[in-house]
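One file, work.txt, is given below (compact mmCIF, N, CA and C atoms).
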```
# COMPACT_ATOMS: atom_id res chain seq x y z
N MET A 359 -12.28 -19.50 122.03
CA MET A 359 -11.53 -19.51 123.28
C MET A 359 -10.92 -18.12 123.46
N PRO A 360 -11.33 -17.40 124.53
CA PRO A 360 -10.80 -16.06 124.73
C PRO A 360 -9.30 -16.01 124.98
N TYR A 361 -8.75 -16.95 125.73
CA TYR A 361 -7.32 -16.93 126.02
C TYR A 361 -6.61 -17.72 124.93
N THR A 362 -5.84 -17.01 124.11
CA THR A 362 -5.23 -17.62 122.93
C THR A 362 -3.72 -17.70 122.98
N THR A 363 -3.09 -16.99 123.94
CA THR A 363 -1.64 -16.97 124.01
C THR A 363 -1.18 -17.23 125.43
N ALA A 364 -0.18 -18.09 125.56
CA ALA A 364 0.44 -18.34 126.86
C ALA A 364 1.92 -18.00 126.73
N THR A 365 2.38 -17.11 127.61
CA THR A 365 3.76 -16.65 127.55
C THR A 365 4.47 -16.98 128.85
N LEU A 366 5.63 -17.62 128.74
CA LEU A 366 6.45 -17.90 129.92
C LEU A 366 7.07 -16.58 130.35
N ILE A 367 6.70 -16.11 131.57
CA ILE A 367 7.21 -14.81 132.01
C ILE A 367 8.23 -14.91 133.13
N SER A 368 8.30 -16.07 133.78
CA SER A 368 9.37 -16.22 134.77
C SER A 368 9.69 -17.69 134.99
N LYS A 369 10.94 -17.92 135.35
CA LYS A 369 11.43 -19.26 135.67
C LYS A 369 12.30 -19.08 136.91
N ASP A 370 11.82 -19.58 138.05
CA ASP A 370 12.51 -19.40 139.32
C ASP A 370 13.78 -20.24 139.40
N THR A 371 14.59 -19.93 140.39
CA THR A 371 15.78 -20.71 140.69
C THR A 371 15.33 -22.10 141.12
N PRO A 372 16.00 -23.15 140.67
CA PRO A 372 15.59 -24.51 141.04
C PRO A 372 15.57 -24.71 142.56
N PHE A 373 14.60 -25.49 143.02
CA PHE A 373 14.53 -25.89 144.42
C PHE A 373 15.67 -26.89 144.67
N ASP A 374 15.90 -27.23 145.93
CA ASP A 374 16.95 -28.18 146.29
C ASP A 374 16.75 -29.54 145.62
N ASP A 375 15.49 -29.90 145.40
CA ASP A 375 15.22 -31.22 144.80
C ASP A 375 15.20 -31.16 143.27
N GLY A 376 15.54 -30.02 142.68
CA GLY A 376 15.62 -29.89 141.23
C GLY A 376 14.38 -29.37 140.54
N ARG A 377 13.26 -29.31 141.27
CA ARG A 377 12.04 -28.79 140.66
C ARG A 377 12.19 -27.29 140.39
N VAL A 378 11.49 -26.79 139.39
CA VAL A 378 11.55 -25.38 139.03
C VAL A 378 10.12 -24.86 138.85
N ARG A 379 9.84 -23.73 139.47
CA ARG A 379 8.52 -23.11 139.32
C ARG A 379 8.57 -22.12 138.17
N ILE A 380 7.59 -22.23 137.26
CA ILE A 380 7.49 -21.29 136.15
C ILE A 380 6.17 -20.53 136.29
N THR A 381 6.14 -19.34 135.73
CA THR A 381 4.91 -18.55 135.70
C THR A 381 4.56 -18.30 134.24
N VAL A 382 3.31 -18.59 133.92
CA VAL A 382 2.82 -18.44 132.55
C VAL A 382 1.69 -17.41 132.57
N GLU A 383 1.76 -16.48 131.63
CA GLU A 383 0.71 -15.46 131.52
C GLU A 383 -0.17 -15.80 130.33
N PHE A 384 -1.47 -15.87 130.59
CA PHE A 384 -2.45 -16.16 129.56
C PHE A 384 -3.10 -14.85 129.12
N THR A 385 -3.13 -14.62 127.80
CA THR A 385 -3.74 -13.41 127.26
C THR A 385 -4.60 -13.77 126.06
N GLY A 386 -5.43 -12.82 125.69
CA GLY A 386 -6.28 -12.96 124.52
C GLY A 386 -6.83 -11.61 124.16
N ALA A 387 -7.49 -11.52 123.03
CA ALA A 387 -8.01 -10.24 122.56
C ALA A 387 -9.02 -9.67 123.56
N GLY A 388 -8.67 -8.56 124.19
CA GLY A 388 -9.57 -7.91 125.13
C GLY A 388 -9.72 -8.59 126.47
N GLU A 389 -8.94 -9.62 126.73
CA GLU A 389 -9.04 -10.35 128.00
C GLU A 389 -8.05 -9.80 129.01
N THR A 390 -8.43 -9.87 130.27
CA THR A 390 -7.51 -9.51 131.34
C THR A 390 -6.47 -10.62 131.45
N ALA A 391 -5.20 -10.24 131.48
CA ALA A 391 -4.14 -11.24 131.58
C ALA A 391 -4.25 -12.00 132.89
N LYS A 392 -4.02 -13.30 132.83
CA LYS A 392 -4.05 -14.16 134.01
C LYS A 392 -2.70 -14.84 134.12
N ARG A 393 -2.13 -14.83 135.32
CA ARG A 393 -0.84 -15.48 135.56
C ARG A 393 -1.05 -16.70 136.45
N LEU A 394 -0.52 -17.82 135.99
CA LEU A 394 -0.60 -19.06 136.74
C LEU A 394 0.79 -19.66 136.86
N THR A 395 1.01 -20.36 137.97
CA THR A 395 2.33 -20.99 138.16
C THR A 395 2.21 -22.49 138.01
N TYR A 396 3.32 -23.09 137.63
CA TYR A 396 3.40 -24.54 137.45
C TYR A 396 4.80 -24.95 137.93
N THR A 397 4.85 -26.04 138.68
CA THR A 397 6.14 -26.53 139.14
C THR A 397 6.55 -27.71 138.28
N VAL A 398 7.64 -27.54 137.57
CA VAL A 398 8.17 -28.55 136.67
C VAL A 398 9.05 -29.49 137.47
N ASP A 399 8.78 -30.80 137.36
CA ASP A 399 9.63 -31.76 138.07
C ASP A 399 10.26 -32.72 137.06
N GLY A 400 10.95 -33.71 137.54
CA GLY A 400 11.68 -34.63 136.68
C GLY A 400 10.82 -35.49 135.78
N HIS A 401 9.52 -35.54 136.04
CA HIS A 401 8.63 -36.36 135.22
C HIS A 401 8.02 -35.58 134.07
N ASP A 402 8.15 -34.27 134.10
CA ASP A 402 7.53 -33.44 133.07
C ASP A 402 8.34 -33.45 131.77
N THR A 403 7.61 -33.34 130.69
CA THR A 403 8.22 -33.17 129.37
C THR A 403 7.60 -31.90 128.78
N PHE A 404 8.11 -31.48 127.65
CA PHE A 404 7.50 -30.32 127.00
C PHE A 404 6.03 -30.61 126.72
N ALA A 405 5.71 -31.85 126.35
CA ALA A 405 4.32 -32.22 126.05
C ALA A 405 3.43 -32.09 127.28
N THR A 406 3.91 -32.50 128.48
CA THR A 406 3.06 -32.38 129.67
C THR A 406 2.86 -30.92 130.05
N ILE A 407 3.88 -30.11 129.86
CA ILE A 407 3.73 -28.67 130.15
C ILE A 407 2.76 -28.06 129.14
N ARG A 408 2.88 -28.44 127.90
CA ARG A 408 1.98 -27.95 126.85
C ARG A 408 0.54 -28.35 127.15
N ASN A 409 0.33 -29.60 127.60
CA ASN A 409 -1.01 -30.06 127.97
C ASN A 409 -1.56 -29.25 129.13
N TRP A 410 -0.72 -28.96 130.12
CA TRP A 410 -1.15 -28.14 131.26
C TRP A 410 -1.59 -26.77 130.78
N ILE A 411 -0.81 -26.16 129.91
CA ILE A 411 -1.15 -24.83 129.37
C ILE A 411 -2.50 -24.89 128.65
N ASP A 412 -2.69 -25.89 127.81
CA ASP A 412 -3.96 -26.03 127.09
C ASP A 412 -5.13 -26.21 128.06
N GLN A 413 -4.94 -27.04 129.08
CA GLN A 413 -6.00 -27.28 130.07
C GLN A 413 -6.33 -26.00 130.83
N GLN A 414 -5.32 -25.21 131.18
CA GLN A 414 -5.57 -23.98 131.92
C GLN A 414 -6.33 -22.97 131.05
N ALA A 415 -5.97 -22.88 129.77
CA ALA A 415 -6.68 -21.96 128.87
C ALA A 415 -8.15 -22.35 128.77
N VAL A 416 -8.43 -23.63 128.66
CA VAL A 416 -9.82 -24.11 128.60
C VAL A 416 -10.52 -23.84 129.92
N ARG A 417 -9.84 -24.03 131.05
CA ARG A 417 -10.43 -23.81 132.37
C ARG A 417 -10.73 -22.34 132.60
N LEU A 418 -9.88 -21.45 132.11
CA LEU A 418 -10.08 -20.02 132.32
C LEU A 418 -11.28 -19.48 131.55
N ASP A 419 -11.60 -20.05 130.41
CA ASP A 419 -12.69 -19.53 129.58
C ASP A 419 -14.03 -19.48 130.30
N PRO A 420 -14.53 -20.59 130.88
CA PRO A 420 -15.83 -20.49 131.55
C PRO A 420 -15.79 -19.62 132.80
N VAL A 421 -14.63 -19.55 133.46
CA VAL A 421 -14.51 -18.67 134.62
C VAL A 421 -14.75 -17.23 134.19
N LYS A 422 -14.15 -16.85 133.08
CA LYS A 422 -14.33 -15.51 132.56
C LYS A 422 -15.80 -15.27 132.22
N THR A 423 -16.45 -16.24 131.59
CA THR A 423 -17.85 -16.09 131.22
C THR A 423 -18.73 -15.89 132.45
N VAL A 424 -18.50 -16.68 133.49
CA VAL A 424 -19.28 -16.55 134.71
C VAL A 424 -19.02 -15.21 135.37
N VAL A 425 -17.76 -14.83 135.45
CA VAL A 425 -17.41 -13.56 136.09
C VAL A 425 -18.03 -12.38 135.33
N ASP A 426 -18.05 -12.46 134.01
CA ASP A 426 -18.66 -11.39 133.21
C ASP A 426 -20.14 -11.22 133.51
N SER A 427 -20.81 -12.30 133.93
CA SER A 427 -22.24 -12.21 134.21
C SER A 427 -22.54 -11.64 135.59
N LEU A 428 -21.52 -11.44 136.41
CA LEU A 428 -21.71 -10.88 137.75
C LEU A 428 -21.45 -9.39 137.76
N ALA A 429 -22.24 -8.68 138.55
CA ALA A 429 -22.05 -7.24 138.67
C ALA A 429 -21.83 -6.89 140.14
N LEU A 430 -20.95 -5.92 140.39
CA LEU A 430 -20.72 -5.48 141.77
C LEU A 430 -22.04 -4.98 142.34
N GLY A 431 -22.34 -5.38 143.56
CA GLY A 431 -23.58 -4.98 144.20
C GLY A 431 -24.76 -5.87 143.87
N GLN A 432 -24.56 -6.80 142.96
CA GLN A 432 -25.64 -7.70 142.58
C GLN A 432 -26.03 -8.55 143.77
N GLN A 433 -27.33 -8.68 143.99
CA GLN A 433 -27.82 -9.51 145.09
C GLN A 433 -28.33 -10.82 144.53
N VAL A 434 -27.98 -11.88 145.23
CA VAL A 434 -28.42 -13.22 144.84
C VAL A 434 -29.17 -13.80 146.02
N ALA A 435 -30.41 -14.22 145.79
CA ALA A 435 -31.21 -14.79 146.86
C ALA A 435 -30.59 -16.09 147.34
N VAL A 436 -30.51 -16.26 148.65
CA VAL A 436 -29.98 -17.48 149.23
C VAL A 436 -31.13 -18.48 149.32
N ARG A 437 -30.88 -19.67 148.88
CA ARG A 437 -31.93 -20.69 148.92
C ARG A 437 -31.34 -22.01 149.36
N ALA A 438 -32.21 -22.93 149.68
CA ALA A 438 -31.76 -24.26 150.12
C ALA A 438 -31.09 -24.98 148.96
N ILE A 439 -30.06 -25.73 149.28
CA ILE A 439 -29.36 -26.50 148.27
C ILE A 439 -30.25 -27.66 147.85
N VAL A 440 -30.45 -27.78 146.57
CA VAL A 440 -31.27 -28.87 146.03
C VAL A 440 -30.32 -29.97 145.55
N PRO A 441 -30.43 -31.15 146.13
CA PRO A 441 -29.54 -32.22 145.69
C PRO A 441 -29.87 -32.61 144.25
N PRO A 442 -28.86 -33.03 143.51
CA PRO A 442 -29.13 -33.43 142.13
C PRO A 442 -29.99 -34.68 142.08
N ALA A 443 -30.77 -34.80 141.04
CA ALA A 443 -31.60 -36.00 140.86
C ALA A 443 -30.69 -37.21 140.67
N PRO A 444 -31.07 -38.35 141.24
CA PRO A 444 -30.22 -39.53 141.09
C PRO A 444 -30.19 -39.98 139.63
N THR A 445 -29.08 -40.53 139.23
CA THR A 445 -28.95 -41.05 137.87
C THR A 445 -29.66 -42.39 137.78
N ALA A 446 -29.89 -42.84 136.56
CA ALA A 446 -30.51 -44.14 136.36
C ALA A 446 -29.67 -45.25 137.01
N GLU A 447 -28.35 -45.11 136.90
CA GLU A 447 -27.47 -46.10 137.52
C GLU A 447 -27.60 -46.09 139.04
N ALA A 448 -27.69 -44.90 139.64
CA ALA A 448 -27.82 -44.81 141.10
C ALA A 448 -29.13 -45.44 141.55
N ILE A 449 -30.19 -45.23 140.80
CA ILE A 449 -31.48 -45.85 141.13
C ILE A 449 -31.36 -47.36 141.03
N TRP A 450 -30.73 -47.85 139.96
CA TRP A 450 -30.57 -49.28 139.76
C TRP A 450 -29.74 -49.88 140.89
N ARG A 451 -28.65 -49.23 141.25
CA ARG A 451 -27.80 -49.75 142.34
C ARG A 451 -28.55 -49.76 143.67
N GLY A 452 -29.42 -48.78 143.89
CA GLY A 452 -30.25 -48.76 145.09
C GLY A 452 -31.19 -49.97 145.14
N LYS A 453 -31.76 -50.31 143.98
CA LYS A 453 -32.62 -51.49 143.90
C LYS A 453 -31.83 -52.76 144.21
N VAL A 454 -30.61 -52.84 143.67
CA VAL A 454 -29.75 -54.00 143.92
C VAL A 454 -29.47 -54.11 145.42
N GLY A 455 -29.17 -52.99 146.06
CA GLY A 455 -28.91 -53.00 147.50
C GLY A 455 -30.12 -53.48 148.29
N ARG A 456 -31.31 -52.99 147.91
CA ARG A 456 -32.52 -53.42 148.61
C ARG A 456 -32.78 -54.92 148.38
N TYR A 457 -32.54 -55.37 147.15
CA TYR A 457 -32.74 -56.79 146.85
C TYR A 457 -31.80 -57.67 147.68
N LEU A 458 -30.52 -57.29 147.72
CA LEU A 458 -29.56 -58.08 148.48
C LEU A 458 -29.91 -58.12 149.96
N ALA A 459 -30.38 -56.98 150.49
CA ALA A 459 -30.78 -56.94 151.91
C ALA A 459 -32.00 -57.84 152.14
N ALA A 460 -32.97 -57.79 151.23
CA ALA A 460 -34.16 -58.62 151.38
C ALA A 460 -33.81 -60.10 151.25
N LYS A 461 -32.91 -60.42 150.33
CA LYS A 461 -32.50 -61.82 150.14
C LYS A 461 -31.78 -62.34 151.38
N GLU A 462 -30.95 -61.48 151.99
CA GLU A 462 -30.22 -61.89 153.19
C GLU A 462 -31.16 -62.14 154.36
N LEU A 463 -32.25 -61.40 154.44
CA LEU A 463 -33.22 -61.60 155.52
C LEU A 463 -33.96 -62.93 155.36
N ASN A 464 -34.07 -63.41 154.13
CA ASN A 464 -34.70 -64.70 153.84
C ASN A 464 -36.12 -64.79 154.38
N LEU A 465 -36.87 -63.71 154.24
CA LEU A 465 -38.27 -63.70 154.69
C LEU A 465 -39.10 -64.55 153.74
N THR A 466 -40.04 -65.32 154.31
CA THR A 466 -40.88 -66.19 153.48
C THR A 466 -42.36 -65.93 153.68
N GLY A 467 -42.71 -65.19 154.69
CA GLY A 467 -44.12 -64.96 154.99
C GLY A 467 -44.74 -63.84 154.16
N GLY A 468 -46.07 -63.86 154.11
CA GLY A 468 -46.82 -62.80 153.43
C GLY A 468 -46.43 -62.69 151.97
N THR A 469 -46.15 -61.49 151.55
CA THR A 469 -45.80 -61.26 150.14
C THR A 469 -44.30 -61.05 149.96
N ALA A 470 -43.51 -61.39 150.96
CA ALA A 470 -42.07 -61.12 150.93
C ALA A 470 -41.40 -61.76 149.72
N VAL A 471 -41.69 -63.01 149.43
CA VAL A 471 -41.04 -63.71 148.31
C VAL A 471 -41.48 -63.08 146.99
N ALA A 472 -42.76 -62.80 146.84
CA ALA A 472 -43.27 -62.20 145.61
C ALA A 472 -42.68 -60.81 145.41
N ASP A 473 -42.59 -60.04 146.50
CA ASP A 473 -42.00 -58.69 146.40
C ASP A 473 -40.53 -58.75 146.00
N ARG A 474 -39.80 -59.70 146.61
CA ARG A 474 -38.38 -59.85 146.29
C ARG A 474 -38.20 -60.28 144.83
N ASN A 475 -39.04 -61.19 144.36
CA ASN A 475 -38.96 -61.64 142.97
C ASN A 475 -39.31 -60.51 142.00
N ALA A 476 -40.28 -59.69 142.38
CA ALA A 476 -40.67 -58.54 141.54
C ALA A 476 -39.51 -57.54 141.47
N LEU A 477 -38.85 -57.33 142.59
CA LEU A 477 -37.71 -56.42 142.61
C LEU A 477 -36.58 -56.97 141.73
N LEU A 478 -36.31 -58.27 141.81
CA LEU A 478 -35.29 -58.87 140.96
C LEU A 478 -35.65 -58.73 139.48
N ALA A 479 -36.92 -58.92 139.14
CA ALA A 479 -37.36 -58.78 137.75
C ALA A 479 -37.15 -57.34 137.27
N ASP A 480 -37.42 -56.37 138.15
CA ASP A 480 -37.22 -54.96 137.81
C ASP A 480 -35.73 -54.66 137.61
N ILE A 481 -34.89 -55.23 138.48
CA ILE A 481 -33.43 -55.04 138.36
C ILE A 481 -32.95 -55.59 137.02
N GLU A 482 -33.40 -56.77 136.67
CA GLU A 482 -32.99 -57.38 135.41
C GLU A 482 -33.50 -56.60 134.20
N ALA A 483 -34.72 -56.05 134.31
CA ALA A 483 -35.32 -55.31 133.19
C ALA A 483 -34.63 -53.96 132.96
N THR A 484 -34.08 -53.38 134.01
CA THR A 484 -33.48 -52.04 133.87
C THR A 484 -31.95 -52.08 133.84
N TYR A 485 -31.37 -53.27 133.82
CA TYR A 485 -29.92 -53.42 133.80
C TYR A 485 -29.34 -52.94 132.47
N LEU A 486 -28.21 -52.25 132.55
CA LEU A 486 -27.43 -51.88 131.39
C LEU A 486 -25.99 -52.35 131.62
N PRO A 487 -25.30 -52.81 130.58
CA PRO A 487 -23.93 -53.32 130.77
C PRO A 487 -22.99 -52.28 131.40
N ALA A 488 -23.24 -51.00 131.19
CA ALA A 488 -22.38 -49.97 131.75
C ALA A 488 -22.45 -49.89 133.28
N TYR A 489 -23.47 -50.50 133.88
CA TYR A 489 -23.62 -50.45 135.33
C TYR A 489 -22.60 -51.32 136.06
N LEU A 490 -21.97 -52.24 135.35
CA LEU A 490 -20.99 -53.12 136.01
C LEU A 490 -19.59 -52.70 135.67
```

How does this structure look as structure tokens?
Amino acid sequence: MPYTTATLISKDTPFDDGRVRITVEFTGAGETAKRLTYTVDGHDTFATIRNWIDQQAVRLDPVKTVVDSLALGQQVAVRAIVPPAPTAEAIWRGKVGRYLAAKELNLTGGTAVADRNALLADIEATYLPAYL
């Protein structure tokens, strides 16, 4: 983790409602110092502030890595956004939606009943307990 030290560098005058804004500076060996603010309210404890500091240090690390890979003047080709592939659960839920719609239509002609039963069999075969 590049950012290894968090130093409280300022504590503002309390707001009318008692909240206080603090500024924390994150530093590490060879890293550019980063200053972040946090507003402490009546629900915060030292542990919640400590957790926030830890979370910010972890969040800053990949940002630094990405920024290091960019160069001024670098050109990046613009391309169409590719949607992410659906998850197995999303596919399964889509099948459930199609089955429920087909069941509600109550079609009986042609291969409608066989198709609906085949879809139900597929839903049951690909079901995982985590889907519910």

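If you look at atom N of Arg379 (chain A) and atom N of Ala415 (chain A), they are 18.6 Å away from each other.
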
Atomic separation - CA of Thr406 (chain A) relative to atom C of Ala391 (chain A), Å: 21.9 Å

Residue neighbourhood region 446-452 of chain A, 8 Å, only N, CA and C atoms, exclusion window fewer than 3 positions, as a PyMOL selection string: chain A and resi 443+455-458+480-481+484-486+488-489

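Rounded to one decimal, atom N of Asp374 (chain A) and CA of Asn409 (chain A) lie 24.8 Å from each other.
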
Nearest to Gly400 (chain A), chosen from A:Gly388, A:Arg377, A:Asp412, A:Leu465, with all atoms listed in the file counted in the distances: A:Arg377
